[in-house]
$ cat target-v1.txt   # compact mmCIF, C-alpha atoms
# COMPACT_ATOMS: atom_id res chain seq x y z
CA ASP A 1 0.00 0.00 0.00
CA ILE A 2 1.12 3.56 -0.69
CA LYS A 3 1.91 5.46 2.50
CA MET A 4 1.00 9.14 2.69
CA THR A 5 2.90 11.39 5.09
CA GLN A 6 1.60 14.86 5.88
CA SER A 7 3.47 17.71 7.51
CA PRO A 8 3.08 19.44 9.79
CA SER A 9 0.65 17.44 11.92
CA SER A 10 -0.58 20.68 13.46
CA LEU A 11 -0.27 24.32 12.53
CA SER A 12 -1.20 27.65 14.11
CA ALA A 13 -1.77 30.60 11.80
CA SER A 14 -3.28 34.08 11.87
CA LEU A 15 -6.26 35.30 9.88
CA GLY A 16 -5.14 36.46 6.45
CA GLU A 17 -1.94 34.43 6.59
CA ARG A 18 -0.81 32.18 3.74
CA VAL A 19 -0.77 28.56 4.86
CA THR A 20 0.89 25.58 3.18
CA ILE A 21 0.46 21.91 4.05
CA SER A 22 2.69 19.22 2.55
CA CYS A 23 2.03 15.62 1.63
CA ARG A 24 4.54 13.01 0.52
CA ALA A 25 3.72 9.65 -1.01
CA SER A 26 5.92 6.58 -0.58
CA GLU A 27 6.02 6.24 -4.36
CA ASN A 28 5.12 8.21 -7.48
CA ILE A 29 1.33 8.74 -7.57
CA ASN A 30 1.22 10.57 -10.91
CA ASN A 31 -0.85 13.50 -9.65
CA TYR A 32 -3.67 11.27 -8.33
CA LEU A 33 -3.87 13.35 -5.19
CA SER A 34 -6.90 14.85 -3.48
CA TRP A 35 -7.28 17.16 -0.47
CA TYR A 36 -10.14 17.10 2.04
CA GLN A 37 -11.28 19.40 4.82
CA LYS A 38 -12.81 17.87 7.94
CA LYS A 39 -14.45 20.17 10.46
CA GLU A 40 -15.09 19.60 14.15
CA ASP A 41 -18.75 18.91 13.46
CA GLY A 42 -17.64 15.87 11.43
CA SER A 43 -18.44 17.25 8.00
CA VAL A 44 -15.97 16.38 5.25
CA LYS A 45 -15.51 18.21 1.95
CA LEU A 46 -13.41 17.56 -1.13
CA LEU A 47 -11.37 20.69 -1.89
CA ILE A 48 -8.88 19.69 -4.57
CA TYR A 49 -8.64 16.67 -6.88
CA HIS A 50 -5.98 15.54 -9.33
CA THR A 51 -3.39 17.67 -7.54
CA SER A 52 -4.64 21.11 -8.56
CA ARG A 53 -8.25 21.00 -9.76
CA LEU A 54 -10.61 22.97 -7.54
CA GLN A 55 -13.79 21.10 -6.64
CA PRO A 56 -16.88 23.18 -7.55
CA GLY A 57 -18.01 25.06 -4.48
CA ALA A 58 -14.59 25.11 -2.85
CA PRO A 59 -13.28 28.66 -2.23
CA SER A 60 -10.70 29.91 -4.73
CA ARG A 61 -8.24 30.71 -1.92
CA PHE A 62 -7.48 26.98 -1.87
CA SER A 63 -4.96 25.71 -4.39
CA GLY A 64 -2.91 22.58 -4.88
CA SER A 65 0.35 21.74 -6.57
CA GLY A 66 2.94 19.04 -6.85
CA SER A 67 4.11 16.06 -8.85
CA GLY A 68 5.71 12.67 -8.41
CA LYS A 69 5.79 11.98 -4.68
CA ASP A 70 5.46 15.53 -3.30
CA TYR A 71 2.31 17.64 -3.11
CA SER A 72 1.03 20.68 -1.25
CA LEU A 73 -2.17 22.50 -0.37
CA THR A 74 -2.07 26.28 0.01
CA ILE A 75 -4.62 28.62 1.52
CA SER A 76 -3.83 32.07 0.15
CA GLY A 77 -5.40 34.01 3.00
CA LEU A 78 -6.66 32.17 6.05
CA GLU A 79 -10.28 32.78 7.05
CA SER A 80 -11.93 31.68 10.28
CA GLU A 81 -14.09 29.13 8.44
CA ASP A 82 -10.92 27.35 7.32
CA ILE A 83 -10.19 26.11 10.84
CA ALA A 84 -10.32 22.35 10.36
CA THR A 85 -8.19 19.25 9.83
CA TYR A 86 -6.90 18.67 6.32
CA TYR A 87 -6.15 15.30 4.75
CA CYS A 88 -4.43 14.31 1.55
CA GLN A 89 -5.38 11.07 -0.22
CA GLN A 90 -3.83 9.19 -3.10
CA GLY A 91 -6.02 7.71 -5.81
CA TYR A 92 -4.54 4.26 -6.47
CA THR A 93 -6.13 1.10 -5.04
CA PRO A 94 -6.22 0.82 -2.11
CA PRO A 95 -6.78 4.54 -1.57
CA THR A 96 -4.87 5.82 1.45
CA PHE A 97 -4.94 9.04 3.42
CA GLY A 98 -2.34 11.12 5.15
CA GLY A 99 -2.45 11.43 8.91
CA GLY A 100 -4.00 14.89 8.82
CA THR A 101 -2.95 18.45 9.58
CA LYS A 102 -4.89 20.24 12.29
CA LEU A 103 -5.09 23.94 11.52
CA GLU A 104 -5.73 26.29 14.41
CA LEU A 105 -5.92 30.04 14.87
CA LYS A 106 -2.95 31.77 16.41
CA GLU B 107 -28.25 19.18 -3.74
CA VAL B 108 -26.35 15.98 -3.07
CA GLN B 109 -27.23 14.39 0.25
CA LEU B 110 -25.96 11.22 1.88
CA VAL B 111 -27.56 10.10 5.14
CA GLU B 112 -26.07 7.20 7.09
CA THR B 113 -27.96 5.24 9.71
CA GLY B 114 -27.51 2.04 11.65
CA GLY B 115 -24.63 2.79 13.97
CA GLY B 116 -24.65 2.00 17.64
CA LEU B 117 -23.12 -0.06 20.43
CA VAL B 118 -22.46 -3.70 19.60
CA GLN B 119 -20.59 -6.50 21.37
CA PRO B 120 -17.42 -7.99 19.90
CA GLY B 121 -18.19 -10.81 17.50
CA ARG B 122 -21.67 -9.54 16.69
CA SER B 123 -22.99 -7.97 13.48
CA LEU B 124 -24.32 -4.60 12.40
CA LYS B 125 -25.65 -3.26 9.11
CA LEU B 126 -25.21 0.35 8.07
CA SER B 127 -27.34 2.10 5.46
CA CYS B 128 -26.72 5.23 3.43
CA VAL B 129 -29.60 6.85 1.55
CA ALA B 130 -28.58 9.10 -1.32
CA SER B 131 -30.43 11.93 -3.02
CA GLY B 132 -29.75 14.82 -5.37
CA PHE B 133 -27.94 12.82 -8.07
CA THR B 134 -28.38 9.79 -10.33
CA PHE B 135 -27.34 7.19 -7.76
CA SER B 136 -27.06 4.30 -10.19
CA SER B 137 -24.36 6.13 -12.20
CA TYR B 138 -21.76 6.47 -9.47
CA TRP B 139 -19.34 4.29 -7.56
CA MET B 140 -19.97 4.47 -3.82
CA TYR B 141 -17.67 3.99 -0.85
CA TRP B 142 -17.48 3.52 2.90
CA ILE B 143 -14.70 5.28 4.80
CA ARG B 144 -14.14 5.26 8.56
CA GLN B 145 -12.32 7.21 11.21
CA ALA B 146 -11.47 5.64 14.54
CA PRO B 147 -11.31 7.96 17.57
CA GLY B 148 -8.13 10.00 17.43
CA LYS B 149 -7.02 8.33 14.21
CA GLY B 150 -6.95 9.18 10.52
CA LEU B 151 -9.29 8.27 7.69
CA GLU B 152 -9.37 4.70 6.40
CA TRP B 153 -11.05 3.45 3.23
CA VAL B 154 -13.29 0.49 4.04
CA SER B 155 -15.02 -0.58 0.83
CA SER B 156 -15.96 0.30 -2.74
CA ILE B 157 -18.83 -0.79 -4.98
CA ASN B 158 -19.32 -0.20 -8.68
CA THR B 159 -22.48 1.16 -10.29
CA ASP B 160 -24.39 -2.13 -10.66
CA GLY B 161 -23.05 -3.75 -7.52
CA GLY B 162 -21.20 -6.44 -9.43
CA SER B 163 -17.73 -5.42 -8.27
CA THR B 164 -16.68 -4.76 -4.70
CA TYR B 165 -13.35 -4.06 -3.03
CA TYR B 166 -12.05 -4.11 0.54
CA PRO B 167 -8.82 -3.59 2.44
CA ASP B 168 -7.32 -6.61 4.18
CA SER B 169 -8.44 -5.23 7.56
CA VAL B 170 -12.12 -5.96 6.80
CA LYS B 171 -12.01 -8.45 3.92
CA GLY B 172 -14.13 -11.51 4.68
CA ARG B 173 -15.99 -9.73 7.50
CA PHE B 174 -17.59 -6.70 5.79
CA THR B 175 -19.84 -6.70 2.72
CA ILE B 176 -20.85 -3.66 0.73
CA SER B 177 -23.99 -3.78 -1.41
CA ARG B 178 -26.40 -1.39 -3.05
CA ASP B 179 -30.04 -1.10 -4.10
CA ASN B 180 -30.26 1.29 -7.02
CA ALA B 181 -34.07 1.27 -6.89
CA GLU B 182 -33.89 2.56 -3.32
CA ASN B 183 -30.84 4.85 -3.81
CA THR B 184 -29.18 3.10 -0.89
CA VAL B 185 -25.77 1.62 -0.20
CA TYR B 186 -25.24 -0.79 2.68
CA LEU B 187 -22.36 -2.07 4.76
CA GLN B 188 -22.91 -5.41 6.47
CA MET B 189 -20.34 -5.79 9.24
CA ASN B 190 -19.83 -9.23 10.77
CA SER B 191 -17.45 -10.55 13.43
CA LEU B 192 -16.93 -7.04 14.74
CA ARG B 193 -13.79 -6.24 16.71
CA SER B 194 -12.92 -3.43 19.07
CA GLU B 195 -10.65 -1.98 16.38
CA ASP B 196 -13.72 -1.49 14.15
CA THR B 197 -14.92 1.22 16.53
CA ALA B 198 -15.15 4.34 14.37
CA THR B 199 -17.38 6.85 12.69
CA TYR B 200 -18.40 5.38 9.34
CA TYR B 201 -18.99 7.67 6.38
CA CYS B 202 -20.47 6.85 3.01
CA ALA B 203 -19.14 8.80 0.08
CA LYS B 204 -19.85 9.34 -3.59
CA ASP B 205 -17.24 9.34 -6.33
CA ARG B 206 -16.61 12.60 -8.12
CA GLY B 207 -16.90 11.33 -11.66
CA LEU B 208 -18.92 8.92 -13.75
CA ARG B 209 -16.09 6.40 -13.69
CA ARG B 210 -14.14 5.20 -10.70
CA ALA B 211 -11.85 8.07 -9.79
CA LEU B 212 -11.31 7.31 -6.10
CA GLU B 213 -12.04 10.98 -5.45
CA PHE B 214 -14.61 11.21 -2.68
CA ALA B 215 -16.64 14.22 -3.73
CA TYR B 216 -19.50 14.09 -1.22
CA TRP B 217 -19.66 12.59 2.27
CA GLY B 218 -22.45 11.87 4.66
CA GLN B 219 -22.44 13.12 8.23
CA GLY B 220 -21.23 9.76 9.54
CA THR B 221 -22.63 7.16 11.92
CA LEU B 222 -20.76 6.01 15.02
CA VAL B 223 -20.13 2.32 15.58
CA THR B 224 -18.83 1.31 18.99
CA VAL B 225 -17.70 -2.27 19.51
CA SER B 226 -17.47 -3.04 23.20
CA SER B 227 -18.65 -5.55 25.75
$ encode --input "target-v1.txt" --output "structure tokens"
Amino acid sequence: DIKMTQSPSSLSASLGERVTISCRASENINNYLSWYQKKEDGSVKLLIYHTSRLQPGAPSRFSGSGSGKDYSLTISGLESEDIATYYCQQGYTPPTFGGGTKLELK
Amino acid sequence: EVQLVETGGGLVQPGRSLKLSCVASGFTFSSYWMYWIRQAPGKGLEWVSSINTDGGSTYYPDSVKGRFTISRDNAENTVYLQMNSLRSEDTATYYCAKDRGLRRALEFAYWGQGTLVTVSS
């Protein structure tokens, strides 16, 4: 199985700050990489798929990049509604997730 | 609006069975692959099962293979997860999810609110 490693595991940031979360796969995943936001109320949303494609309805301040084994999610200007845990996920079978990055307000 | 509503969770003893249901609305259910994904307390997300559009193909990780069965009823817009021989490590919130595209993309575009399964004596 492909192992996904996210960093950092937690992050404190200020409103308006640019935030970047990293994700590394144990092997080349050819851009089959998605990002999810999970809030404290349990709701989960797809933000980015295929590395950089914004899911309809996701705010444009979210963007994704990367290739090969290394990928990242960037929030261009943190808003209070972005406080959540973020997960990356690779799209080969079996699909596997990173351990999550908990984003908190500084 | 896409909606996925899971039911069927609860407290169950080790070794017993439980069946989860997920009722879908807001999209053509029979056209999409469906999935179950779980999150144990304090842990990350884990894919649990996949089912194709007509229910003829199903997939599982080794951790649940032989114990869990995913199925679907396209007439009722419902996907099920039959869980047998439950273990304490199956304790988790179980989510059903819909694929993003009309072919299997393993991109989980919509999720339900989750249903909690607790396996304990």
$ residues_around --input "target-v1.txt" --residues "region 17-21 of chain A" --least-positions-apart "5" --cutoff "12 Å" --atoms "all atoms listed in the file" --output "PyMOL selection string"
chain A and resi 5-12+35-36+61-66+70-80+82-83+85-88+98-106
$ closest_atom_pairs --input "target-v1.txt" --of "region 129-201 of chain B" --to "region 37-56 of chain A" --cutoff "12 Å" --atoms "only C-alpha atoms" --output "Markdown table"
| residue | atom | partner | partner_atom | distance |
| --- | --- | --- | --- | --- |
| B:Ile143 | CA | A:Val44 | CA | 11.2 |
| B:Arg144 | CA | A:Gly42 | CA | 11.5 |
| B:Gln145 | CA | A:Gly42 | CA | 10.2 |
| B:Pro147 | CA | A:Gly42 | CA | 11.8 |
| B:Gly150 | CA | A:Lys38 | CA | 10.8 |
| B:Leu151 | CA | A:Lys38 | CA | 10.2 |
| B:Thr199 | CA | A:Gly42 | CA | 9.1 |
| B:Tyr200 | CA | A:Gly42 | CA | 10.7 |
| B:Tyr201 | CA | A:Val44 | CA | 9.3 |
$ residues_around --input "target-v1.txt" --residues "Ala25 (chain A)" --least-positions-apart "5" --cutoff "6 Å" --atoms "all atoms listed in the file" --output "list in words"
Lys3, Met4 and Lys69 of chain A
$ closest_residue --input "target-v1.txt" --among "B:Ser136, B:Ser191, B:Thr221, B:Gln119" --to "chain A" --atoms "all atoms listed in the file"
B:Thr221
$ interface_residues --input "target-v1.txt" --of "chain B" --to "chain A" --cutoff "12 Å" --atoms "only C-alpha atoms" --output "ChimeraX atom specification"
/B:107,110-111,141-145,147-156,165-169,199-207,210-222
$ atom_distance --input "target-v1.txt" --atom1 "CA of Val225 (chain B)" --atom2 "CA of Val170 (chain B)"
14.4 Å
$ residues_around --input "target-v1.txt" --residues "region 186-188 of chain B" --least-positions-apart "4" --cutoff "6 Å" --atoms "all atoms listed in the file" --output "count of residues only"
8
$ residues_around --input "target-v1.txt" --residues "Val223 (chain B)" --least-positions-apart "2" --cutoff "6 Å" --atoms "all atoms listed in the file" --output "PyMOL selection string"
chain B and resi 115-116+197-198
$ closest_residue --input "target-v1.txt" --among "B:Trp139, B:Ser131, B:Ser226, B:Glu112" --to "Ser194 (chain B)" --atoms "all atoms listed in the file"
B:Ser226
$ atom_distance --input "target-v1.txt" --atom1 "CA of Ser22 (chain A)" --atom2 "CA of Asp196 (chain B)"
28.9 Å
$ atom_distance --input "target-v1.txt" --atom1 "CA of Gly68 (chain A)" --atom2 "CA of Arg24 (chain A)"
9.0 Å
